[in-house]
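Undergrad: Before we start, here is the structure in question, set down as structure tokens.
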Amino acid sequence: MPENFFPSNDPLTRKQWIDEVNAVAEARMVASRYFGTGSNSAIRIRDSLNKGYGDEVTWSSSWPLKGTGTVGPETLKGKEEQLTLFTDKMRIDLSRHAVPVGNKIDAQLAPVNLRKIGRDKLGSWKAKAVDMACAYQLAGYTPANVDAGGDNDAGGRNATYRGHNTITAPHADRIIRAGGIATDTLVGADNTAKMTLELIDYAKERCFLETATAAPIEPLEGGKHVLFVHPSVMTDLRRNEEWQAIQLAALSGKQEGNPLYKFAAGEYNDTIIVPWQYMPTGVSATNTSVANTRRSVLVGAEALSLAYGRGYDGGEGDWEETEDDHNFIKYVAYDLIWGVKANFYKSGSALAEVDYGKIVIVTYSAAH
């Protein structure tokens, strides 16, 4: 019987397979290019707050000072301004998956390492799960809060695919619809309401002229924002003659060595444009998917928070191998304790939740 059929319990061997699953996932994952521990990261890893299975992670932030301070010899004592602190929190939980990778007969017939089959499939599963959760949280795609069957925009989701946290709809000040249309449903009925460079300009303007929170949507490293778009939206944008002229040299030399540009298709107005297949559709008033629409998201610093459980630092999961039916059928499994959540902070006298670091753009877009 081939040696590679039997389970491996050696810690070094298991570590090797964990690393290989992570490498497969990393090669496919869009979101990981924007992970970081600094305050200028789009998806901030709360690495100092690692907890165990099922715990909540809480962190604080504060809005800019609003006071005028003093001038010249004017006394400052008694005029100090209290910090306005707000907290946000998210849940981390266990996500896992397993696949059968053959039996002893398969091992005799197929001259392959059976673990590699499981490694590739589980790595792809991890990439999809993390990417989809990040995209749905960013876009405020609330239909994903309802568990459903299938594998499309309307279903196929459980807590893993929303990052173990309830998705919150964008605040009214954080959503722009093409043509100033009032709802996502009406956008889906207007085939002229497509993505344009003008909409990117409007979103960019709103980043710097922030009124809802008195805090601008800060750019990432190099003064750049990132716009995530569905591939069908990217096609609409590319068909614009103005876009084609702008992009002749926009990415020249930038994709080498800079992770922000890894999957970029273009750049406009200091905004890196990244196609992402998991950007969802619009959302109706009854919390369902709207056909012929897509949500894009312009992202700045700290739009999302990400955390891992103890022993899973850096997103390193765990690898297990088991056998069943009297050691006849082999299974491999991968698991990760993690969570991701869009950042929302309280603002104003009504203490409404306002998206931090992102603006959603809703446009008409159908498959081409």
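Following the order of the structure tokens, chains are lettered A, B, ..., residues in each are numbered from 1, and ligands are numbered from 1.
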Which residues are near Ala42 in chain A? Cut-off 9 Å, only C-alpha atoms, ignore same chain within fewer than 4 positions. Put them as a list in words.
TA: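 Returned residues: Tyr34, Phe35, Gly36, Pro219, Leu220, His225, Val226, Val299, Gly300, Ala301, Glu302, Ala303, Leu304, Ser305 and Gly357 of chain A.
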Undergrad: Any chance you can output those residues with N, CA, C and O atoms as a PDB file, in the first residue's frame?
TA:
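Written output follows (result.pdb):
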```pdb
ATOM      1  N   TYR A  34      -4.825  43.279   1.165  1.00  0.00           N
ATOM      2  CA  TYR A  34      -5.159  44.502   1.887  1.00  0.00           C
ATOM      3  C   TYR A  34      -5.218  44.281   3.393  1.00  0.00           C
ATOM      4  O   TYR A  34      -5.662  45.149   4.128  1.00  0.00           O
ATOM      5  N   PHE A  35      -4.743  43.108   3.856  1.00  0.00           N
ATOM      6  CA  PHE A  35      -4.606  42.849   5.286  1.00  0.00           C
ATOM      7  C   PHE A  35      -3.399  43.604   5.830  1.00  0.00           C
ATOM      8  O   PHE A  35      -2.382  43.753   5.157  1.00  0.00           O
ATOM      9  N   GLY A  36      -3.487  44.054   7.062  1.00  0.00           N
ATOM     10  CA  GLY A  36      -2.340  44.687   7.699  1.00  0.00           C
ATOM     11  C   GLY A  36      -2.656  45.033   9.133  1.00  0.00           C
ATOM     12  O   GLY A  36      -3.822  45.104   9.530  1.00  0.00           O
ATOM     13  N   PRO A 219      -6.890  57.596   2.986  1.00  0.00           N
ATOM     14  CA  PRO A 219      -6.364  56.676   1.972  1.00  0.00           C
ATOM     15  C   PRO A 219      -5.425  55.643   2.566  1.00  0.00           C
ATOM     16  O   PRO A 219      -5.027  55.731   3.738  1.00  0.00           O
ATOM     17  N   LEU A 220      -5.058  54.681   1.758  1.00  0.00           N
ATOM     18  CA  LEU A 220      -4.109  53.648   2.145  1.00  0.00           C
ATOM     19  C   LEU A 220      -2.694  54.136   1.858  1.00  0.00           C
ATOM     20  O   LEU A 220      -2.475  55.312   1.550  1.00  0.00           O
ATOM     21  N   HIS A 225      -6.798  55.231  -2.606  1.00  0.00           N
ATOM     22  CA  HIS A 225      -7.977  54.470  -2.234  1.00  0.00           C
ATOM     23  C   HIS A 225      -8.080  53.289  -3.193  1.00  0.00           C
ATOM     24  O   HIS A 225      -7.406  53.250  -4.228  1.00  0.00           O
ATOM     25  N   VAL A 226      -8.914  52.318  -2.850  1.00  0.00           N
ATOM     26  CA  VAL A 226      -9.132  51.157  -3.712  1.00  0.00           C
ATOM     27  C   VAL A 226     -10.617  51.037  -4.006  1.00  0.00           C
ATOM     28  O   VAL A 226     -11.452  51.201  -3.100  1.00  0.00           O
ATOM     29  N   VAL A 299     -12.803  51.961  -0.947  1.00  0.00           N
ATOM     30  CA  VAL A 299     -12.304  51.612   0.378  1.00  0.00           C
ATOM     31  C   VAL A 299     -11.104  52.470   0.752  1.00  0.00           C
ATOM     32  O   VAL A 299     -10.208  52.699  -0.062  1.00  0.00           O
ATOM     33  N   GLY A 300     -11.099  52.909   2.004  1.00  0.00           N
ATOM     34  CA  GLY A 300      -9.952  53.588   2.574  1.00  0.00           C
ATOM     35  C   GLY A 300      -9.428  52.803   3.767  1.00  0.00           C
ATOM     36  O   GLY A 300      -9.659  51.597   3.896  1.00  0.00           O
ATOM     37  N   ALA A 301      -8.750  53.485   4.662  1.00  0.00           N
ATOM     38  CA  ALA A 301      -8.126  52.821   5.804  1.00  0.00           C
ATOM     39  C   ALA A 301      -9.161  52.311   6.790  1.00  0.00           C
ATOM     40  O   ALA A 301     -10.156  52.975   7.073  1.00  0.00           O
ATOM     41  N   GLU A 302      -8.915  51.117   7.310  1.00  0.00           N
ATOM     42  CA  GLU A 302      -9.695  50.492   8.373  1.00  0.00           C
ATOM     43  C   GLU A 302     -11.170  50.312   8.016  1.00  0.00           C
ATOM     44  O   GLU A 302     -12.054  50.486   8.857  1.00  0.00           O
ATOM     45  N   ALA A 303     -11.445  49.953   6.786  1.00  0.00           N
ATOM     46  CA  ALA A 303     -12.834  49.685   6.399  1.00  0.00           C
ATOM     47  C   ALA A 303     -13.348  48.400   7.043  1.00  0.00           C
ATOM     48  O   ALA A 303     -14.533  48.288   7.355  1.00  0.00           O
ATOM     49  N   LEU A 304     -12.465  47.434   7.221  1.00  0.00           N
ATOM     50  CA  LEU A 304     -12.827  46.165   7.850  1.00  0.00           C
ATOM     51  C   LEU A 304     -11.875  45.874   9.002  1.00  0.00           C
ATOM     52  O   LEU A 304     -10.739  46.347   9.011  1.00  0.00           O
ATOM     53  N   SER A 305     -12.352  45.058   9.937  1.00  0.00           N
ATOM     54  CA  SER A 305     -11.484  44.501  10.973  1.00  0.00           C
ATOM     55  C   SER A 305     -11.514  42.985  10.869  1.00  0.00           C
ATOM     56  O   SER A 305     -12.552  42.390  10.575  1.00  0.00           O
ATOM     57  N   GLY A 357     -14.683  54.241   6.694  1.00  0.00           N
ATOM     58  CA  GLY A 357     -13.667  53.904   5.698  1.00  0.00           C
ATOM     59  C   GLY A 357     -14.165  53.317   4.401  1.00  0.00           C
ATOM     60  O   GLY A 357     -13.365  52.758   3.641  1.00  0.00           O
TER      61      GLY A 357
END
```
Undergrad: List the spatial neighbours of range 275-288 of chain A as a ChimeraX atom specification - criterion: any atom at most 8 Å away, only C-alpha atoms, same-chain residues fewer than 5 positions off excluded.
TA: /A:30,131-132,135-136,139,141-143,153-154,183-185,228-231,234,263-265,293-296,362
Undergrad: Please, what distance in Å, to one decimal, runs between CA of Thr13 in chain A and CA of Leu336 in chain A?
TA: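 Calculated distance between CA of Thr13 in chain A and CA of Leu336 in chain A is 18.2 Å.
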Undergrad: Identify all residues of range 95-335 of chain A in helix (DSSP H, G or I) (DSSP on the backbone) and supply them as number ranges by chain.
TA: A: 104-109, 114-139, 142-145, 159-162, 172-174, 178-180, 184-188, 197-208, 221-223, 231-238, 241-246, 259-261, 313-315
Undergrad: Considering only C-alpha atoms, state which residue in the set A:Gly314, A:Pro259, A:Gly309, A:Pro100 is at the smallest distance from Ser41 in chain A.
TA: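 Using only C-alpha atoms, Ser41 in chain A sits closest to A:Pro259.
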Undergrad: What's the 7 Å shell around Ile329 in chain A, counting only C-alpha atoms, without same-chain residues fewer than 5 positions away, as a ChimeraX atom specification?
TA: /A:102-104,323-324
Undergrad: Between A:Thr168, A:Asn327, A:Ser95, A:Ser39, which is the closest to Ser61 in chain A once you count only C-alpha atoms?
TA: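 Comparing A:Thr168, A:Asn327, A:Ser95, A:Ser39 against Ser61 in chain A, the winner is A:Ser39.
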Undergrad: Could you check which of A:Ile176, A:Ala342, A:Ile117, A:Ala31 is closest to Tyr202 in chain A, using only C-alpha atoms?
TA: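 Comparing A:Ile176, A:Ala342, A:Ile117, A:Ala31 against Tyr202 in chain A, the winner is A:Ile176.
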Undergrad: Figure out the distance between CA of Ile359 in chain A and CA of Leu138 in chain A, please, to one decimal in Å.
TA: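 If I compute the distance from CA of Leu138 in chain A to CA of Ile359 in chain A, I get 8.7 Å.
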